[in-house]
>>> print(open('model.cif').read())   # mmCIF, C-alpha atoms and all ligand atoms
data_run
#
loop_
_atom_site.label_atom_id
_atom_site.label_comp_id
_atom_site.auth_asym_id
_atom_site.auth_seq_id
_atom_site.Cartn_x
_atom_site.Cartn_y
_atom_site.Cartn_z
CA MET N 59 24.26 18.25 22.54
CA GLU N 60 21.37 16.17 23.61
CA ASP N 61 19.26 16.46 20.42
CA MET N 62 22.08 15.27 18.10
CA ARG N 63 22.11 11.86 19.67
CA ILE N 64 20.42 9.17 17.72
CA ARG N 65 17.72 7.75 19.81
CA ARG N 66 17.16 4.11 19.70
CA ILE N 67 13.63 3.06 19.08
CA GLY N 68 12.63 -0.35 20.32
CA PRO N 69 14.95 -3.20 21.24
CA PRO N 70 18.44 -3.46 19.71
CA ILE N 71 18.52 -5.05 16.27
CA THR N 72 20.43 -8.28 16.06
CA VAL N 73 20.93 -10.17 12.82
CA ARG N 74 20.25 -13.80 13.44
CA PRO N 75 21.79 -16.26 11.06
CA PRO N 76 19.30 -18.85 9.84
CA ARG N 77 19.29 -22.03 11.85
CA PHE N 78 19.52 -25.36 10.17
CA ALA N 79 18.07 -28.39 11.83
CA GLY N 80 18.15 -31.94 10.56
CA ARG N 81 21.04 -33.97 9.28
CA LEU N 82 20.91 -33.31 5.56
CA HIS N 83 23.39 -30.45 5.72
CA ASP N 84 26.07 -32.42 7.50
CA ALA N 85 29.45 -33.68 6.42
CA ARG N 86 28.17 -37.19 5.72
CA THR N 87 25.61 -35.99 3.18
CA ALA N 88 28.18 -33.63 1.67
CA THR N 89 30.57 -36.56 1.29
CA ALA N 90 27.92 -38.90 -0.12
CA VAL N 91 26.89 -36.41 -2.82
CA GLY N 92 30.42 -35.08 -3.27
CA ARG N 93 31.98 -38.39 -4.22
CA TRP N 94 29.50 -38.87 -7.07
CA LEU N 95 29.96 -35.28 -8.16
CA GLY N 96 33.74 -35.71 -7.95
CA ALA N 97 33.56 -38.88 -10.06
CA ALA N 98 31.40 -37.17 -12.71
CA ILE N 99 33.74 -34.17 -12.84
CA ALA N 100 36.81 -36.42 -13.07
CA VAL N 101 35.40 -38.31 -16.07
CA CYS N 102 34.18 -35.06 -17.61
CA PHE N 103 37.63 -33.50 -17.19
CA MET N 104 39.55 -36.45 -18.66
CA THR N 105 37.24 -36.83 -21.66
CA GLY N 106 37.30 -33.06 -22.11
CA LEU N 107 41.10 -33.14 -22.34
CA ILE N 108 40.87 -35.88 -24.97
CA SER N 109 38.37 -33.83 -26.92
CA HIS N 110 40.51 -30.73 -26.70
CA TYR N 111 43.70 -32.40 -27.90
CA LEU N 112 41.96 -34.28 -30.71
CA GLN N 113 40.42 -31.01 -31.82
CA ARG N 114 43.26 -28.57 -31.34
CA PRO N 115 46.49 -30.52 -30.97
CA PRO N 116 49.74 -28.64 -30.48
CA ASP N 117 52.04 -29.10 -33.48
CA TRP N 118 54.19 -31.73 -31.80
CA LEU N 119 51.13 -33.90 -31.15
CA ALA N 120 49.22 -33.47 -34.42
CA GLY N 121 51.20 -36.13 -36.28
CA ALA N 122 50.90 -38.65 -33.43
CA LEU N 123 47.12 -38.60 -32.91
CA PRO N 124 45.77 -42.14 -33.24
CA SER N 125 42.98 -42.93 -35.69
CA ARG N 126 41.91 -45.98 -33.67
CA PRO N 127 39.74 -47.10 -32.09
CA ALA N 128 37.52 -45.76 -34.87
CA TRP N 129 34.68 -45.10 -32.40
CA GLY N 130 36.98 -43.67 -29.71
CA TYR N 131 35.86 -40.07 -29.96
CA ARG N 132 32.23 -41.13 -30.08
CA ILE N 133 32.63 -42.80 -26.67
CA THR N 134 34.75 -40.12 -25.02
CA GLN N 135 32.65 -37.20 -26.21
CA GLY N 136 29.41 -39.02 -25.42
CA LEU N 137 30.76 -39.55 -21.90
CA HIS N 138 31.94 -35.95 -21.66
CA VAL N 139 28.50 -34.55 -22.36
CA ALA N 140 26.64 -37.24 -20.36
CA THR N 141 28.79 -36.79 -17.23
CA GLY N 142 28.53 -33.02 -17.57
CA ILE N 143 24.74 -33.23 -17.68
CA ALA N 144 24.64 -35.72 -14.77
CA ALA N 145 26.85 -33.38 -12.77
CA ILE N 146 24.23 -30.61 -12.90
CA PRO N 147 21.71 -32.19 -10.44
CA LEU N 148 24.65 -33.47 -8.39
CA LEU N 149 26.10 -29.97 -8.13
CA MET N 150 22.71 -28.55 -7.16
CA ALA N 151 22.30 -31.17 -4.43
CA LYS N 152 25.81 -30.56 -3.19
CA LEU N 153 25.34 -26.79 -3.05
CA TRP N 154 22.04 -27.25 -1.21
CA THR N 155 23.72 -29.55 1.28
CA VAL N 156 26.53 -27.15 2.10
CA TYR N 157 24.89 -23.74 1.69
CA PRO N 158 24.39 -23.25 5.47
CA ARG N 159 28.18 -22.85 5.59
CA LEU N 160 27.65 -19.48 3.91
CA PHE N 161 26.40 -18.32 7.31
CA VAL N 162 29.27 -19.52 9.49
CA TRP N 163 30.25 -16.90 11.98
CA PRO N 164 32.77 -15.34 12.28
CA ALA N 165 33.06 -15.34 8.49
CA LEU N 166 36.84 -15.21 8.66
CA ARG N 167 38.55 -16.97 11.52
CA SER N 168 42.11 -16.91 10.26
CA VAL N 169 44.15 -16.49 7.11
CA ARG N 170 43.94 -20.25 6.54
CA HIS N 171 40.16 -20.18 6.94
CA GLY N 172 39.97 -17.23 4.55
CA LEU N 173 42.03 -19.02 1.91
CA GLU N 174 39.92 -22.13 2.29
CA ARG N 175 36.73 -20.16 1.78
CA LEU N 176 38.26 -18.41 -1.23
CA SER N 177 39.15 -21.77 -2.79
CA VAL N 178 35.57 -22.98 -2.27
CA ALA N 179 34.30 -19.80 -3.95
CA VAL N 180 36.57 -20.49 -6.93
CA LEU N 181 35.44 -24.13 -7.00
CA VAL N 182 31.74 -23.21 -6.98
CA ALA N 183 32.15 -20.46 -9.56
CA ALA N 184 34.23 -22.64 -11.89
CA SER N 185 31.81 -25.58 -11.57
CA VAL N 186 28.76 -23.45 -12.30
CA PHE N 187 30.57 -21.81 -15.22
CA GLN N 188 31.74 -25.09 -16.77
CA LEU N 189 28.43 -26.90 -16.46
CA GLY N 190 26.47 -23.84 -17.59
CA THR N 191 28.58 -23.01 -20.65
CA GLY N 192 28.89 -26.71 -21.54
CA LEU N 193 25.13 -27.23 -21.39
CA LEU N 194 24.48 -24.18 -23.56
CA ASN N 195 27.10 -25.40 -26.01
CA THR N 196 25.14 -28.64 -26.49
CA VAL N 197 22.31 -26.50 -27.85
CA GLN N 198 24.72 -24.26 -29.79
CA TRP N 199 23.71 -21.17 -27.88
CA TYR N 200 26.56 -18.80 -27.09
CA PRO N 201 25.16 -15.83 -25.16
CA TRP N 202 28.61 -14.53 -24.17
CA PRO N 203 31.26 -12.39 -25.81
CA PHE N 204 34.17 -14.87 -25.53
CA SER N 205 35.12 -17.84 -27.61
CA PHE N 206 33.80 -21.04 -26.01
CA VAL N 207 36.58 -23.59 -26.55
CA PRO N 208 39.63 -21.78 -25.12
CA VAL N 209 37.69 -20.39 -22.15
CA HIS N 210 35.98 -23.71 -21.33
CA PHE N 211 39.41 -25.36 -21.53
CA ALA N 212 41.14 -22.80 -19.29
CA VAL N 213 38.41 -22.82 -16.64
CA ALA N 214 38.56 -26.64 -16.59
CA TRP N 215 42.09 -26.38 -15.18
CA LEU N 216 40.96 -23.81 -12.65
CA LEU N 217 38.18 -26.18 -11.59
CA LEU N 218 40.58 -29.10 -11.35
CA GLY N 219 43.01 -27.12 -9.19
CA ALA N 220 40.26 -25.90 -6.86
CA LEU N 221 38.82 -29.42 -6.62
CA VAL N 222 42.14 -31.04 -5.74
CA LEU N 223 42.71 -28.39 -3.09
CA HIS N 224 39.20 -28.90 -1.74
CA ILE N 225 39.65 -32.68 -1.50
CA ALA N 226 42.99 -32.20 0.26
CA VAL N 227 41.50 -29.76 2.79
CA LYS N 228 38.46 -31.93 3.44
CA TYR N 229 40.36 -35.20 3.42
CA PRO N 230 39.80 -35.95 7.13
CA GLN N 231 36.02 -35.45 6.82
CA ILE N 232 35.87 -37.36 3.55
CA THR N 233 37.58 -40.40 5.03
CA SER N 234 35.52 -40.38 8.21
CA HIS N 235 32.25 -40.23 6.26
CA TRP N 236 33.17 -42.18 3.13
CA SER N 237 31.01 -45.20 3.75
CA ARG N 238 28.20 -46.21 6.04
CA ASN N 239 30.71 -48.13 8.12
CA SER N 240 33.14 -45.26 8.49
CA PRO N 241 33.68 -44.22 12.09
CA GLY N 242 31.87 -40.89 11.76
CA THR N 243 32.76 -38.13 14.17
CA LEU N 244 31.83 -37.47 17.75
CA GLU N 245 29.01 -35.09 16.97
CA LEU N 246 27.60 -37.13 14.09
CA PRO N 247 26.12 -40.58 14.36
CA ALA N 248 27.58 -42.88 11.72
CA GLU N 249 24.48 -44.60 10.47
CA ASP N 250 22.30 -43.16 7.73
CA GLY N 251 18.91 -41.87 8.76
CA PRO N 252 15.84 -42.30 6.54
CA ASP N 253 15.91 -38.60 5.59
CA ARG N 254 19.40 -38.88 4.15
CA ARG N 255 18.51 -42.03 2.28
CA SER N 256 15.49 -40.25 0.74
CA LEU N 257 17.60 -37.30 -0.29
CA LEU N 258 20.21 -39.53 -1.92
CA ALA N 259 17.49 -41.57 -3.65
CA GLY N 260 15.97 -38.33 -4.96
CA VAL N 261 19.32 -37.14 -6.28
CA ALA N 262 19.93 -40.54 -7.92
CA ALA N 263 16.50 -40.36 -9.55
CA ALA N 264 17.23 -36.85 -10.88
CA VAL N 265 20.58 -37.97 -12.30
CA GLY N 266 18.91 -41.02 -13.85
CA ALA N 267 16.16 -38.90 -15.37
CA VAL N 268 18.41 -36.28 -16.99
CA THR N 269 20.74 -39.00 -18.24
CA LEU N 270 18.03 -41.20 -19.68
CA THR N 271 16.34 -38.29 -21.46
CA THR N 272 19.55 -37.03 -23.10
CA VAL N 273 22.01 -39.88 -23.52
CA GLY N 274 20.12 -41.31 -26.52
CA GLN N 275 21.67 -38.56 -28.65
CA SER N 276 24.91 -40.53 -28.63
CA LEU N 277 23.97 -43.92 -27.16
CA THR N 278 21.63 -44.61 -30.05
CA PRO N 279 19.92 -47.76 -28.64
CA LEU N 280 18.35 -45.37 -26.08
CA ARG N 281 17.36 -42.80 -28.69
CA ARG N 282 13.65 -43.40 -28.08
CA PHE N 283 14.03 -41.70 -24.70
CA ASP N 284 16.06 -38.65 -25.69
CA LEU N 285 13.19 -36.24 -25.04
CA LEU N 286 15.44 -33.49 -23.69
CA ALA N 287 18.39 -33.94 -26.03
CA PRO N 288 18.90 -31.11 -28.48
CA ARG N 289 19.42 -33.66 -31.30
CA HIS N 290 17.70 -36.84 -32.25
CA PRO N 291 20.16 -39.10 -34.08
CA ASP N 292 17.58 -40.04 -36.74
CA HIS N 293 16.40 -36.53 -37.60
CA GLY N 294 18.06 -35.05 -40.64
CA PRO N 295 18.45 -35.65 -44.36
CA GLN N 296 19.55 -39.21 -45.22
CA GLY N 297 18.91 -40.24 -41.60
CA LEU N 298 21.74 -38.19 -40.13
CA PRO N 299 21.60 -34.89 -38.22
CA VAL N 300 23.17 -31.77 -39.73
CA ASN N 301 24.97 -29.18 -37.68
CA ARG N 302 25.66 -26.53 -40.25
CA THR N 303 23.37 -26.69 -43.23
CA ALA N 304 24.42 -25.82 -46.76
CA THR N 305 22.21 -22.73 -46.54
CA ALA N 306 23.91 -21.57 -43.34
CA ALA N 307 27.29 -22.15 -44.96
CA ARG N 308 26.09 -20.36 -48.14
CA VAL N 309 26.83 -23.30 -50.35
CA GLY N 310 24.15 -23.57 -53.03
CA PRO N 311 23.71 -25.69 -56.18
CA ALA N 312 25.37 -22.93 -58.22
CA ASN N 313 28.56 -23.19 -56.13
CA VAL N 314 28.94 -26.90 -56.74
CA ALA N 315 27.83 -27.00 -60.39
CA ASP N 316 31.31 -26.86 -61.91
CA TRP N 317 33.05 -28.46 -58.93
CA ARG N 318 36.58 -29.79 -59.30
CA LEU N 319 38.83 -31.41 -56.75
CA THR N 320 42.36 -30.06 -56.69
CA VAL N 321 45.03 -32.11 -54.95
CA THR N 322 48.39 -30.42 -54.46
CA GLY N 323 51.72 -32.11 -53.77
CA PRO N 324 54.86 -33.00 -55.72
CA ARG N 325 52.52 -33.97 -58.61
CA SER N 326 49.41 -31.80 -58.26
CA TYR N 327 46.28 -32.66 -60.24
CA THR N 328 42.63 -31.78 -60.65
CA LEU N 329 39.68 -34.19 -61.02
CA THR N 330 36.06 -33.78 -62.02
CA LEU N 331 33.41 -35.53 -59.94
CA ASP N 332 33.08 -38.26 -62.62
CA GLN N 333 36.83 -38.84 -62.59
CA LEU N 334 36.82 -39.06 -58.80
CA ALA N 335 33.91 -41.51 -58.89
CA ALA N 336 35.85 -43.64 -61.37
CA LEU N 337 38.74 -44.15 -58.91
CA PRO N 338 38.59 -47.23 -56.64
CA GLN N 339 35.72 -46.72 -54.18
CA HIS N 340 35.66 -48.06 -50.63
CA THR N 341 32.80 -48.33 -48.13
CA VAL N 342 33.36 -47.84 -44.40
CA THR N 343 31.06 -47.60 -41.41
CA LEU N 344 32.07 -44.64 -39.26
CA PRO N 345 30.28 -42.29 -36.88
CA ILE N 346 29.95 -38.56 -37.04
CA ALA N 347 30.59 -37.63 -33.40
CA CYS N 348 29.80 -33.99 -32.87
CA VAL N 349 31.61 -32.21 -30.05
CA GLU N 350 28.19 -31.01 -28.88
CA GLY N 351 27.28 -34.53 -27.88
CA TRP N 352 25.24 -36.20 -30.61
CA SER N 353 26.69 -39.00 -32.65
CA LYS N 354 25.50 -41.42 -35.26
CA SER N 355 27.11 -44.13 -37.28
CA ALA N 356 26.66 -44.28 -41.06
CA ARG N 357 27.97 -46.04 -44.14
CA TRP N 358 30.23 -43.87 -46.26
CA THR N 359 31.56 -44.61 -49.74
CA GLY N 360 34.37 -42.78 -51.46
CA VAL N 361 38.04 -42.63 -52.30
CA ARG N 362 40.76 -43.33 -49.75
CA VAL N 363 42.62 -40.19 -48.79
CA GLN N 364 45.74 -42.36 -48.79
CA ASP N 365 45.23 -43.05 -52.52
CA LEU N 366 44.63 -39.38 -53.34
CA LEU N 367 47.84 -38.33 -51.60
CA GLU N 368 49.86 -41.14 -53.12
CA ARG N 369 48.67 -40.11 -56.57
CA ALA N 370 49.99 -36.60 -55.82
CA GLY N 371 53.40 -38.09 -55.08
CA ALA N 372 53.22 -37.64 -51.31
CA PRO N 373 54.96 -40.30 -49.19
CA PRO N 374 52.95 -42.40 -46.70
CA GLY N 375 52.10 -40.58 -43.48
CA THR N 376 51.92 -37.16 -45.10
CA ALA N 377 49.66 -34.67 -43.31
CA LEU N 378 47.02 -32.84 -45.28
CA ARG N 379 45.07 -29.63 -45.34
CA ALA N 380 41.53 -29.75 -46.70
CA VAL N 381 39.74 -26.62 -47.86
CA SER N 382 35.98 -26.33 -48.14
CA LEU N 383 33.97 -24.43 -50.74
CA GLU N 384 32.39 -22.60 -47.84
CA ARG N 385 33.72 -19.03 -47.89
CA ARG N 386 33.52 -18.23 -44.22
CA GLY N 387 33.29 -20.27 -41.05
CA ALA N 388 35.62 -21.68 -38.44
CA TYR N 389 35.68 -25.12 -40.06
CA ARG N 390 36.43 -24.11 -43.64
CA VAL N 391 40.05 -25.25 -43.46
CA MET N 392 41.02 -28.46 -41.70
CA GLU N 393 44.36 -30.09 -41.00
CA MET N 394 44.86 -33.78 -40.47
CA GLY N 395 47.98 -35.56 -39.24
CA GLY N 396 49.68 -38.55 -40.82
CA GLY N 397 48.06 -41.01 -38.41
CA TYR N 398 44.69 -40.28 -40.00
CA THR N 399 45.77 -39.90 -43.65
CA ASP N 400 47.46 -43.31 -43.48
CA ASP N 401 44.35 -45.03 -42.17
CA PRO N 402 42.49 -46.95 -44.92
CA LEU N 403 39.20 -45.93 -43.25
CA THR N 404 39.84 -42.24 -43.95
CA LEU N 405 37.88 -41.30 -47.05
CA LEU N 406 36.93 -38.42 -49.22
CA ALA N 407 33.32 -39.62 -49.23
CA LEU N 408 30.92 -39.18 -52.14
CA ARG N 409 28.04 -41.29 -50.82
CA LEU N 410 26.19 -41.71 -47.54
CA ASN N 411 24.22 -44.87 -46.74
CA GLY N 412 24.30 -45.79 -50.42
CA GLU N 413 23.01 -42.46 -51.76
CA VAL N 414 24.88 -39.54 -53.29
CA LEU N 415 25.65 -37.08 -50.46
CA SER N 416 22.97 -34.46 -49.97
CA LEU N 417 24.11 -30.86 -50.12
CA ASP N 418 23.65 -30.59 -46.34
CA HIS N 419 26.00 -33.52 -45.79
CA GLY N 420 28.71 -32.01 -47.94
CA TYR N 421 27.98 -32.78 -51.61
CA PRO N 422 30.01 -33.31 -53.77
CA ALA N 423 32.68 -34.60 -51.37
CA ARG N 424 33.46 -34.59 -47.68
CA ILE N 425 36.04 -35.99 -45.34
CA ILE N 426 35.17 -38.86 -43.04
CA ALA N 427 37.87 -40.21 -40.72
CA PRO N 428 37.91 -42.56 -37.73
CA ASN N 429 38.29 -41.33 -34.12
CA ARG N 430 37.85 -37.72 -35.10
CA PRO N 431 35.70 -34.88 -33.74
CA GLY N 432 32.73 -34.04 -35.98
CA VAL N 433 34.00 -30.50 -36.49
CA TRP N 434 36.88 -31.83 -38.58
CA GLN N 435 34.74 -34.06 -40.82
CA THR N 436 34.91 -31.27 -43.40
CA LYS N 437 32.06 -30.89 -45.88
CA TRP N 438 32.08 -29.45 -49.44
CA VAL N 439 35.80 -30.19 -49.86
CA SER N 440 37.29 -28.68 -53.02
CA ARG N 441 40.99 -28.79 -52.31
CA ILE N 442 43.37 -31.19 -50.59
CA GLU N 443 46.94 -30.11 -50.00
CA ALA N 444 49.70 -32.51 -49.04
CA VAL N 445 51.55 -30.82 -46.18
CA LEU N 446 55.15 -31.85 -46.81
N1 LIG N 501 32.83 -27.07 -44.27
C1 LIG N 501 32.28 -27.43 -43.10
N2 LIG N 501 32.30 -28.72 -42.72
C2 LIG N 501 31.75 -29.10 -41.54
C3 LIG N 501 31.15 -28.17 -40.67
C4 LIG N 501 31.16 -26.80 -41.09
O1 LIG N 501 30.65 -25.91 -40.39
N3 LIG N 501 31.72 -26.48 -42.30
N4 LIG N 501 30.59 -28.58 -39.50
C5 LIG N 501 31.16 -29.80 -38.92
C6 LIG N 501 30.44 -30.31 -37.76
S1 LIG N 501 30.47 -29.35 -36.37
C7 LIG N 501 29.88 -31.57 -37.73
S2 LIG N 501 29.28 -32.24 -36.29
C8 LIG N 501 29.76 -32.38 -38.95
C9 LIG N 501 28.33 -32.78 -39.14
O2 LIG N 501 28.19 -33.48 -40.31
P1 LIG N 501 26.78 -33.73 -40.95
O3 LIG N 501 26.10 -32.40 -41.07
O4 LIG N 501 27.03 -34.38 -42.25
O5 LIG N 501 26.05 -34.66 -40.01
O6 LIG N 501 30.19 -31.67 -40.09
C10 LIG N 501 31.37 -30.92 -39.92
N5 LIG N 501 31.80 -30.42 -41.20
MO MO N 502 29.89 -30.66 -34.62
#
>>> encode(input="model.cif", output="structure tokens", more="lines below")
Ligand SMILES: Nc1nc2c(c(=O)[nH]1)N[C@H]1C(S)=C(S)[C@@H](COP(=O)(O)O)O[C@H]1N2
Ligand SMILES: [Mo]
Amino acid sequence: MEDMRIRRIGPPITVRPPRFAGRLHDARTATAVGRWLGAAIAVCFMTGLISHYLQRPPDWLAGALPSRPAWGYRITQGLHVATGIAAIPLLMAKLWTVYPRLFVWPALRSVRHGLERLSVAVLVAASVFQLGTGLLNTVQWYPWPFSFVPVHFAVAWLLLGALVLHIAVKYPQITSHWSRNSPGTLELPAEDGPDRRSLLAGVAAAVGAVTLTTVGQSLTPLRRFDLLAPRHPDHGPQGLPVNRTATAARVGPANVADWRLTVTGPRSYTLTLDQLAALPQHTVTLPIACVEGWSKSARWTGVRVQDLLERAGAPPGTALRAVSLERRGAYRVMEMGGGYTDDPLTLLALRLNGEVLSLDHGYPARIIAPNRPGVWQTKWVSRIEAVL
């Protein structure tokens, strides 16, 4: 049936994969960018684990969490956010360097090749997901239906697994291109050309720029430059940023007017604000280190948590539960292990930098403890329970 045949018009169509010239897409560039990206991800992963376990310790660990060094969480979380931000231009450079591999033909050469490509797909997806969700978390924007912390934590392990596999698979290329003096391979000259040096200098400049314009949110001597940071460490009442304001938490003057502190334990008691202020007061310098990346040190004055628990008849090293006046919110109830309650720096603070706490900073009383994520520095505390 002659007329049923499809007639070909013009020359046969062939799909040509794009051709990539130049040496910026080669294994040496991929290694040069990859080792910095790998280092940033390694630091980000380790500090992320620290943050996770300080924030949500399993029961067996809660009592053993150390309260020193007092500034520990400030450093680790500052590094977590800074390395995560630095990893963004590094990841973009790395993806640009290797994207011609998307066009390798045949796409699947063997089962091993297929598995390798699958692991790279997982690695890319997990990296983009972690850096994207982490960055949005620094600006407290959650445009997704899942809960950030558990998902960010789970995908971190996926990323780690895919990265370890990737390094193992690429180990021969990594070692032969690790440094300028590495032997290189037959098809690649070992020395760096000017184009590669320019690319690497550009990537370094991008990393430097995003770091310098954000790191001042936690590394306060550089705060003048934190143009792109979501928080400026000096902006906020009493010279300290606020994450959740009293208005957002629905705590108004009426809620705190007849405030009492209740402490429960073998000998429970209740104190008015005047009675609390008449107990021995201590002043400590401790940072608020928010998990979102900003941190700032301040001078806090109040009563040692140790003293409050002792007065309730609780033995040294007793864990506590603090309850906020706030009616709703993920951080209304906080638990603290014995390592923190025993530390003389851990206070139920009434004053900040010499002034009575403002309502936004937790008036009448808030917790301040060393080496602790900001989320657990509970504001508007009205009840402390000894957990025996
Ligand atoms: N009751 C209560 N306390 C809270 C919060 C909250 O939402 N509710 N937010 C926490 C977070 S996330 C941080 S970073 C610190 C910030 O303290 P600041 O507002 O005094 O700087 O308070 C913590 N205390
Ligand atoms: Mo926070």
>>> closest_atom_pairs(input="model.cif", of="chain N", to="ligand LIG 501 (chain N)", cutoff="9 Å", atoms="only C-alpha atoms and all ligand atoms", output="JSON lines")
{"residue": "N:Gly294", "atom": "CA", "partner": "N:LIG501", "partner_atom": "O5", "distance": 8.0}
{"residue": "N:Pro295", "atom": "CA", "partner": "N:LIG501", "partner_atom": "O5", "distance": 8.8}
{"residue": "N:Leu298", "atom": "CA", "partner": "N:LIG501", "partner_atom": "O5", "distance": 5.6}
{"residue": "N:Pro299", "atom": "CA", "partner": "N:LIG501", "partner_atom": "O5", "distance": 4.8}
{"residue": "N:Val300", "atom": "CA", "partner": "N:LIG501", "partner_atom": "O3", "distance": 3.3}
{"residue": "N:Asn301", "atom": "CA", "partner": "N:LIG501", "partner_atom": "O3", "distance": 4.8}
{"residue": "N:Arg302", "atom": "CA", "partner": "N:LIG501", "partner_atom": "O1", "distance": 5.0}
{"residue": "N:Thr303", "atom": "CA", "partner": "N:LIG501", "partner_atom": "O3", "distance": 6.7}
{"residue": "N:Ala304", "atom": "CA", "partner": "N:LIG501", "partner_atom": "N3", "distance": 8.6}
{"residue": "N:Ala306", "atom": "CA", "partner": "N:LIG501", "partner_atom": "O1", "distance": 8.5}
{"residue": "N:Ala307", "atom": "CA", "partner": "N:LIG501", "partner_atom": "N3", "distance": 6.7}
{"residue": "N:Ile346", "atom": "CA", "partner": "N:LIG501", "partner_atom": "O5", "distance": 6.3}
{"residue": "N:Ala347", "atom": "CA", "partner": "N:LIG501", "partner_atom": "S2", "distance": 6.3}
{"residue": "N:Cys348", "atom": "CA", "partner": "N:LIG501", "partner_atom": "S2", "distance": 3.9}
{"residue": "N:Val349", "atom": "CA", "partner": "N:LIG501", "partner_atom": "S2", "distance": 6.7}
{"residue": "N:Glu350", "atom": "CA", "partner": "N:LIG501", "partner_atom": "S2", "distance": 7.6}
{"residue": "N:Gly351", "atom": "CA", "partner": "N:LIG501", "partner_atom": "S2", "distance": 8.9}
{"residue": "N:Trp352", "atom": "CA", "partner": "N:LIG501", "partner_atom": "S2", "distance": 8.0}
{"residue": "N:Ser353", "atom": "CA", "partner": "N:LIG501", "partner_atom": "S2", "distance": 8.1}
{"residue": "N:Lys354", "atom": "CA", "partner": "N:LIG501", "partner_atom": "O5", "distance": 8.3}
{"residue": "N:Val381", "atom": "CA", "partner": "N:LIG501", "partner_atom": "N1", "distance": 7.8}
{"residue": "N:Ser382", "atom": "CA", "partner": "N:LIG501", "partner_atom": "N1", "distance": 5.0}
{"residue": "N:Leu383", "atom": "CA", "partner": "N:LIG501", "partner_atom": "N1", "distance": 7.1}
{"residue": "N:Glu384", "atom": "CA", "partner": "N:LIG501", "partner_atom": "N1", "distance": 5.7}
{"residue": "N:Arg385", "atom": "CA", "partner": "N:LIG501", "partner_atom": "N1", "distance": 8.9}
{"residue": "N:Arg386", "atom": "CA", "partner": "N:LIG501", "partner_atom": "N3", "distance": 8.7}
{"residue": "N:Gly387", "atom": "CA", "partner": "N:LIG501", "partner_atom": "O1", "distance": 6.3}
{"residue": "N:Ala388", "atom": "CA", "partner": "N:LIG501", "partner_atom": "O1", "distance": 6.8}
{"residue": "N:Tyr389", "atom": "CA", "partner": "N:LIG501", "partner_atom": "N3", "distance": 4.7}
{"residue": "N:Arg390", "atom": "CA", "partner": "N:LIG501", "partner_atom": "N1", "distance": 4.7}
{"residue": "N:Val391", "atom": "CA", "partner": "N:LIG501", "partner_atom": "N1", "distance": 7.5}
{"residue": "N:Met392", "atom": "CA", "partner": "N:LIG501", "partner_atom": "N1", "distance": 8.7}
{"residue": "N:Leu415", "atom": "CA", "partner": "N:LIG501", "partner_atom": "O4", "distance": 8.8}
{"residue": "N:Ser416", "atom": "CA", "partner": "N:LIG501", "partner_atom": "O4", "distance": 8.7}
{"residue": "N:Asp418", "atom": "CA", "partner": "N:LIG501", "partner_atom": "O3", "distance": 6.1}
{"residue": "N:His419", "atom": "CA", "partner": "N:LIG501", "partner_atom": "O4", "distance": 3.8}
{"residue": "N:Gly420", "atom": "CA", "partner": "N:LIG501", "partner_atom": "O4", "distance": 6.4}
{"residue": "N:Arg424", "atom": "CA", "partner": "N:LIG501", "partner_atom": "N2", "distance": 7.8}
{"residue": "N:Ile425", "atom": "CA", "partner": "N:LIG501", "partner_atom": "N5", "distance": 8.1}
{"residue": "N:Pro431", "atom": "CA", "partner": "N:LIG501", "partner_atom": "S2", "distance": 7.4}
{"residue": "N:Gly432", "atom": "CA", "partner": "N:LIG501", "partner_atom": "S2", "distance": 3.9}
{"residue": "N:Val433", "atom": "CA", "partner": "N:LIG501", "partner_atom": "S1", "distance": 3.7}
{"residue": "N:Trp434", "atom": "CA", "partner": "N:LIG501", "partner_atom": "C10", "distance": 5.7}
{"residue": "N:Gln435", "atom": "CA", "partner": "N:LIG501", "partner_atom": "C10", "distance": 4.7}
{"residue": "N:Thr436", "atom": "CA", "partner": "N:LIG501", "partner_atom": "N2", "distance": 3.7}
{"residue": "N:Lys437", "atom": "CA", "partner": "N:LIG501", "partner_atom": "N2", "distance": 3.8}
{"residue": "N:Trp438", "atom": "CA", "partner": "N:LIG501", "partner_atom": "N1", "distance": 5.7}
{"residue": "N:Val439", "atom": "CA", "partner": "N:LIG501", "partner_atom": "N1", "distance": 7.1}
>>> residues_around(input="model.cif", residues="N:Ala144", least_positions_apart="3", cutoff="7 Å", atoms="all atoms listed in the file", output="VMD selection string")
chain N and resid 140 to 141 147 to 148 265 268 to 269
>>> write_last_selection(input="model.cif", atoms="C-alpha atoms", output="mmCIF file, keeping the file's coordinate frame")
data_model
loop_
_atom_site.group_PDB
_atom_site.id
_atom_site.type_symbol
_atom_site.label_atom_id
_atom_site.label_comp_id
_atom_site.auth_asym_id
_atom_site.auth_seq_id
_atom_site.Cartn_x
_atom_site.Cartn_y
_atom_site.Cartn_z
ATOM 1 C CA ALA N 140 26.640 -37.240 -20.360
ATOM 2 C CA THR N 141 28.790 -36.790 -17.230
ATOM 3 C CA PRO N 147 21.710 -32.190 -10.440
ATOM 4 C CA LEU N 148 24.650 -33.470 -8.390
ATOM 5 C CA VAL N 265 20.580 -37.970 -12.300
ATOM 6 C CA VAL N 268 18.410 -36.280 -16.990
ATOM 7 C CA THR N 269 20.740 -39.000 -18.240
#
>>> atom_distance(input="model.cif", atom1="atom CA of N:Ala120", atom2="atom CA of N:Arg430")
12.2 Å
>>> closest_residue(input="model.cif", among="N:Ala88, N:Val361, N:Val197, N:Ala263", to="ligand MO 502 (chain N)", atoms="only C-alpha atoms and all ligand atoms")
N:Val197
>>> closest_residue(input="model.cif", among="N:Arg175, N:Ala100, N:His340, N:Gln198", to="ligand MO 502 (chain N)", atoms="only C-alpha atoms and all ligand atoms")
N:Gln198
